[in-house]
Amino acid sequence: MNPSAKNTLESTADPTPATKPCPACEQQSAGNICMHCGENLYPRRLNVATMVHEVPDIFFNLDRGLFYTMRNFLFHPGRMIKRYFAGDRSRHYKPLKYITFIGGLTALLYARFVFTDGKPQSGFEAFGTQWTSLILLLQVPLIALTTWLLFRKKQHTYGEHLVANAYIIAEVSLFNIALFPLYYLLDGTSNIAIAQGIYSLSILFYYSFVFYDWFYDRKGTEGKILSFIFVFVLFIMVIIFTFIIQALLYYIFIQMHWL
């Protein structure tokens with residue numbers, strides 16, 4: 001090659017490395033790690049192993065991000081899910097740790113109380129009330145499978161649905177915590193059905209809001225209608241899952257003489 005041509009190519013080559021926007025702070029950065037906030041610029045897609053790797057964190061690491069996650073998943077759930085998938089993860093409480101933490105708080109509140117409408121409860125019903133948090137945790141893989149099947153055209157992996165539903169179910173559990181005073185005031189009366197109805201409606205409407213925000217960007221009447229229909233189907237599936245899981249756990253507890 002002509003030396004002068006080689007020098008010309010070298011002089012016109014861009015000396016700066018390629019950059020890309022950070023999924024967390026949205027600033028342009030080069031390399032694998034954002035130079036502005038430290039987020040990974042090339043996050044891996046989420047899968048089941050992602051959740052498994054978080055197990056040690058539940059017991060040995062308490063980091064920031066709890067209230068950030070609570071607040072933003074309440075008002076911007078779809079946006080938060082999409083940003084988490086895109087790689088904005090360092091600011092979030094990890095999904096498995098989040099659902100375990102919120103489930104533990106719920107268990108602490110409800111473990112000592114078995115709220116009823118004043119009528120005698122069967123052992124099976126009392127068991128379901130007392131172990132709601134464990135039942136919710138075991139529902140996550142089944143609910144994730146349902147949402148993955150319902151929204152296959154969106155091309156998210158099962159692992160991504162697993163992560164999204166862990167956050168959603170944990171957020172729903174916060175509604176149960178918020179309703180605890182109402183359950184306590186109405187305990188032993190037929191009016192406790194009011195608290196139960198509010199909780200059921202909160203699940204129905206929050207999940208509809210999540211899907212509308214996540215898959216339809218809060219745009220269009222059709223998105224609202226489809227989200228509600230999908231969630232209604234999901235709600236029926238959740239009732240079925242709850243009964244099956246509760247029955248299996250109840251049988252195991254009796255066989256192990258834990259009841």
# chains A, B, ... in the order shown; residues from 1 in each chain; ligands from 1
call {"tool": "residues_around", "arguments": {"residues": "Ile177 of chain A", "least_positions_apart": "5", "cutoff": "12 Å", "atoms": "only C-alpha atoms", "output": "list in words"}}
result
Ile102, Gly103, Gly104, Leu105, Thr106, Ala107, Leu108, Leu109, Tyr110, Thr132, Ser133, Ala170, Glu171, Val172, Leu182, Tyr183, Tyr184, Ala195 and Tyr199 of chain A
call {"tool": "write_last_selection", "arguments": {"atoms": "N, CA and C atoms", "output": "PDB file, in the first residue's frame"}}
result
ATOM      1  N   ILE A 102     -40.875  -8.927  50.850  1.00  0.00           N
ATOM      2  CA  ILE A 102     -42.262  -8.489  51.027  1.00  0.00           C
ATOM      3  C   ILE A 102     -43.123  -9.637  51.556  1.00  0.00           C
ATOM      4  N   GLY A 103     -42.884 -10.848  51.042  1.00  0.00           N
ATOM      5  CA  GLY A 103     -43.626 -12.008  51.538  1.00  0.00           C
ATOM      6  C   GLY A 103     -43.362 -12.255  53.004  1.00  0.00           C
ATOM      7  N   GLY A 104     -42.116 -12.035  53.428  1.00  0.00           N
ATOM      8  CA  GLY A 104     -41.781 -12.203  54.845  1.00  0.00           C
ATOM      9  C   GLY A 104     -42.494 -11.197  55.727  1.00  0.00           C
ATOM     10  N   LEU A 105     -42.577  -9.936  55.255  1.00  0.00           N
ATOM     11  CA  LEU A 105     -43.314  -8.913  56.008  1.00  0.00           C
ATOM     12  C   LEU A 105     -44.791  -9.285  56.131  1.00  0.00           C
ATOM     13  N   THR A 106     -45.357  -9.768  55.033  1.00  0.00           N
ATOM     14  CA  THR A 106     -46.765 -10.180  55.049  1.00  0.00           C
ATOM     15  C   THR A 106     -46.982 -11.328  56.024  1.00  0.00           C
ATOM     16  N   ALA A 107     -46.048 -12.287  56.017  1.00  0.00           N
ATOM     17  CA  ALA A 107     -46.166 -13.441  56.918  1.00  0.00           C
ATOM     18  C   ALA A 107     -46.091 -13.010  58.380  1.00  0.00           C
ATOM     19  N   LEU A 108     -45.209 -12.044  58.682  1.00  0.00           N
ATOM     20  CA  LEU A 108     -45.083 -11.564  60.056  1.00  0.00           C
ATOM     21  C   LEU A 108     -46.395 -10.948  60.551  1.00  0.00           C
ATOM     22  N   LEU A 109     -47.070 -10.227  59.650  1.00  0.00           N
ATOM     23  CA  LEU A 109     -48.321  -9.589  60.033  1.00  0.00           C
ATOM     24  C   LEU A 109     -49.466 -10.581  60.199  1.00  0.00           C
ATOM     25  N   TYR A 110     -49.541 -11.534  59.261  1.00  0.00           N
ATOM     26  CA  TYR A 110     -50.711 -12.408  59.207  1.00  0.00           C
ATOM     27  C   TYR A 110     -50.532 -13.750  59.913  1.00  0.00           C
ATOM     28  N   THR A 132     -50.467 -17.618  53.317  1.00  0.00           N
ATOM     29  CA  THR A 132     -50.686 -16.897  52.060  1.00  0.00           C
ATOM     30  C   THR A 132     -49.373 -16.558  51.369  1.00  0.00           C
ATOM     31  N   SER A 133     -48.371 -16.106  52.114  1.00  0.00           N
ATOM     32  CA  SER A 133     -47.107 -15.674  51.519  1.00  0.00           C
ATOM     33  C   SER A 133     -46.390 -16.825  50.833  1.00  0.00           C
ATOM     34  N   ALA A 170     -44.968  -9.337  44.304  1.00  0.00           N
ATOM     35  CA  ALA A 170     -44.480  -8.668  45.516  1.00  0.00           C
ATOM     36  C   ALA A 170     -45.218  -7.349  45.730  1.00  0.00           C
ATOM     37  N   GLU A 171     -45.438  -6.620  44.640  1.00  0.00           N
ATOM     38  CA  GLU A 171     -46.147  -5.339  44.734  1.00  0.00           C
ATOM     39  C   GLU A 171     -47.596  -5.568  45.182  1.00  0.00           C
ATOM     40  N   VAL A 172     -48.221  -6.616  44.669  1.00  0.00           N
ATOM     41  CA  VAL A 172     -49.577  -6.962  45.084  1.00  0.00           C
ATOM     42  C   VAL A 172     -49.623  -7.300  46.574  1.00  0.00           C
ATOM     43  N   LEU A 182     -57.553  -2.805  58.084  1.00  0.00           N
ATOM     44  CA  LEU A 182     -58.964  -3.020  57.768  1.00  0.00           C
ATOM     45  C   LEU A 182     -59.384  -4.448  58.123  1.00  0.00           C
ATOM     46  N   TYR A 183     -58.526  -5.426  57.797  1.00  0.00           N
ATOM     47  CA  TYR A 183     -58.810  -6.807  58.200  1.00  0.00           C
ATOM     48  C   TYR A 183     -58.954  -6.909  59.712  1.00  0.00           C
ATOM     49  N   TYR A 184     -58.068  -6.224  60.427  1.00  0.00           N
ATOM     50  CA  TYR A 184     -58.074  -6.287  61.888  1.00  0.00           C
ATOM     51  C   TYR A 184     -59.364  -5.686  62.453  1.00  0.00           C
ATOM     52  N   ALA A 195     -62.909  -6.174  52.916  1.00  0.00           N
ATOM     53  CA  ALA A 195     -61.448  -6.172  52.787  1.00  0.00           C
ATOM     54  C   ALA A 195     -60.995  -7.193  51.751  1.00  0.00           C
ATOM     55  N   TYR A 199     -59.046  -6.378  48.167  1.00  0.00           N
ATOM     56  CA  TYR A 199     -57.779  -7.018  47.806  1.00  0.00           C
ATOM     57  C   TYR A 199     -57.883  -7.704  46.438  1.00  0.00           C
TER      58      TYR A 199
END
call {"tool": "select_by_dssp", "arguments": {"residues": "segment 53-186 of chain A", "states": "helix (DSSP H, G or I)", "output": "PyMOL selection string"}}
result
chain A and resi 55-60+66-75+77-86+95-110+123-130+132-150+152-154+158-178+180-186
call {"tool": "atom_distance", "arguments": {"atom1": "atom CA of Thr19 of chain A", "atom2": "atom CA of Leu41 of chain A"}}
result
9.7 Å
call {"tool": "residues_around", "arguments": {"residues": "Thr69 of chain A", "least_positions_apart": "5", "cutoff": "12 Å", "atoms": "only C-alpha atoms", "output": "count of residues only"}}
result
27
call {"tool": "residues_around", "arguments": {"residues": "Leu145 of chain A", "least_positions_apart": "3", "cutoff": "9 Å", "atoms": "only C-alpha atoms", "output": "PyMOL selection string"}}
result
chain A and resi 140-142+148-150+158+161-162
call {"tool": "write_last_selection", "arguments": {"atoms": "C-alpha atoms", "output": "PDB file, in the first residue's frame"}}
result
ATOM      1  CA  VAL A 140     -44.747 -17.312  40.684  1.00  0.00           C
ATOM      2  CA  PRO A 141     -43.486 -20.022  38.246  1.00  0.00           C
ATOM      3  CA  LEU A 142     -47.063 -20.995  37.325  1.00  0.00           C
ATOM      4  CA  TRP A 148     -45.637 -16.186  28.898  1.00  0.00           C
ATOM      5  CA  LEU A 149     -48.246 -18.260  27.033  1.00  0.00           C
ATOM      6  CA  LEU A 150     -50.758 -15.395  26.884  1.00  0.00           C
ATOM      7  CA  TYR A 158     -39.967 -17.424  30.264  1.00  0.00           C
ATOM      8  CA  HIS A 161     -41.780 -13.345  32.651  1.00  0.00           C
ATOM      9  CA  LEU A 162     -40.549 -15.022  35.834  1.00  0.00           C
TER      10      LEU A 162
END
call {"tool": "residues_around", "arguments": {"residues": "Gly123 of chain A", "least_positions_apart": "6", "cutoff": "12 Å", "atoms": "only C-alpha atoms", "output": "PyMOL selection string"}}
result
chain A and resi 114+129-130+246-247+250-251+253-254+259
call {"tool": "residues_around", "arguments": {"residues": "Phe151 of chain A", "least_positions_apart": "3", "cutoff": "10 Å", "atoms": "only C-alpha atoms", "output": "list of chain:residue names"}}
result
A:Thr146, A:Thr147, A:Trp148, A:Lys154, A:Gln155, A:His156, A:His161, A:Phe211, A:Phe215, A:Phe230
call {"tool": "write_last_selection", "arguments": {"atoms": "C-alpha atoms", "output": "PDB file, in the first residue's frame"}}
result
ATOM      1  CA  THR A 146     -49.438 -18.361  32.073  1.00  0.00           C
ATOM      2  CA  THR A 147     -48.384 -14.813  31.167  1.00  0.00           C
ATOM      3  CA  TRP A 148     -45.637 -16.186  28.898  1.00  0.00           C
ATOM      4  CA  LYS A 154     -44.219 -10.258  22.567  1.00  0.00           C
ATOM      5  CA  GLN A 155     -41.171 -12.574  22.341  1.00  0.00           C
ATOM      6  CA  HIS A 156     -40.091 -12.351  25.972  1.00  0.00           C
ATOM      7  CA  HIS A 161     -41.780 -13.345  32.651  1.00  0.00           C
ATOM      8  CA  PHE A 211     -49.971  -5.185  31.165  1.00  0.00           C
ATOM      9  CA  PHE A 215     -47.239  -4.141  26.405  1.00  0.00           C
ATOM     10  CA  PHE A 230     -55.953 -11.313  29.686  1.00  0.00           C
TER      11      PHE A 230
END
call {"tool": "atom_distance", "arguments": {"atom1": "atom CA of Arg218 of chain A", "atom2": "atom CA of Met70 of chain A"}}
result
20.1 Å
call {"tool": "closest_residue", "arguments": {"among": "A:Leu136, A:Leu201, A:Ala164, A:Ala86", "to": "Glu26 of chain A", "atoms": "only C-alpha atoms"}}
result
A:Ala86
call {"tool": "residues_around", "arguments": {"residues": "Cys34 of chain A", "least_positions_apart": "3", "cutoff": "12 Å", "atoms": "only C-alpha atoms", "output": "list of chain:residue names"}}
result
A:Thr19, A:Lys20, A:Pro21, A:Cys22, A:Pro23, A:Ala24, A:Cys25, A:Glu26, A:Gln27, A:Gln28, A:Ser29, A:Ala30, A:Gly31, A:Cys37, A:Gly38, A:Glu39, A:Asn40, A:Leu41, A:Tyr42, A:Pro43, A:Gly87, A:Asp88, A:Ser90
call {"tool": "closest_residue", "arguments": {"among": "A:Gln196, A:Gln121, A:Ser202, A:Gln139", "to": "Ile245 of chain A", "atoms": "only C-alpha atoms"}}
result
A:Gln139
call {"tool": "closest_residue", "arguments": {"among": "A:Ala178, A:Val48, A:Ala126, A:Leu138", "to": "Ile244 of chain A", "atoms": "only C-alpha atoms"}}
result
A:Leu138
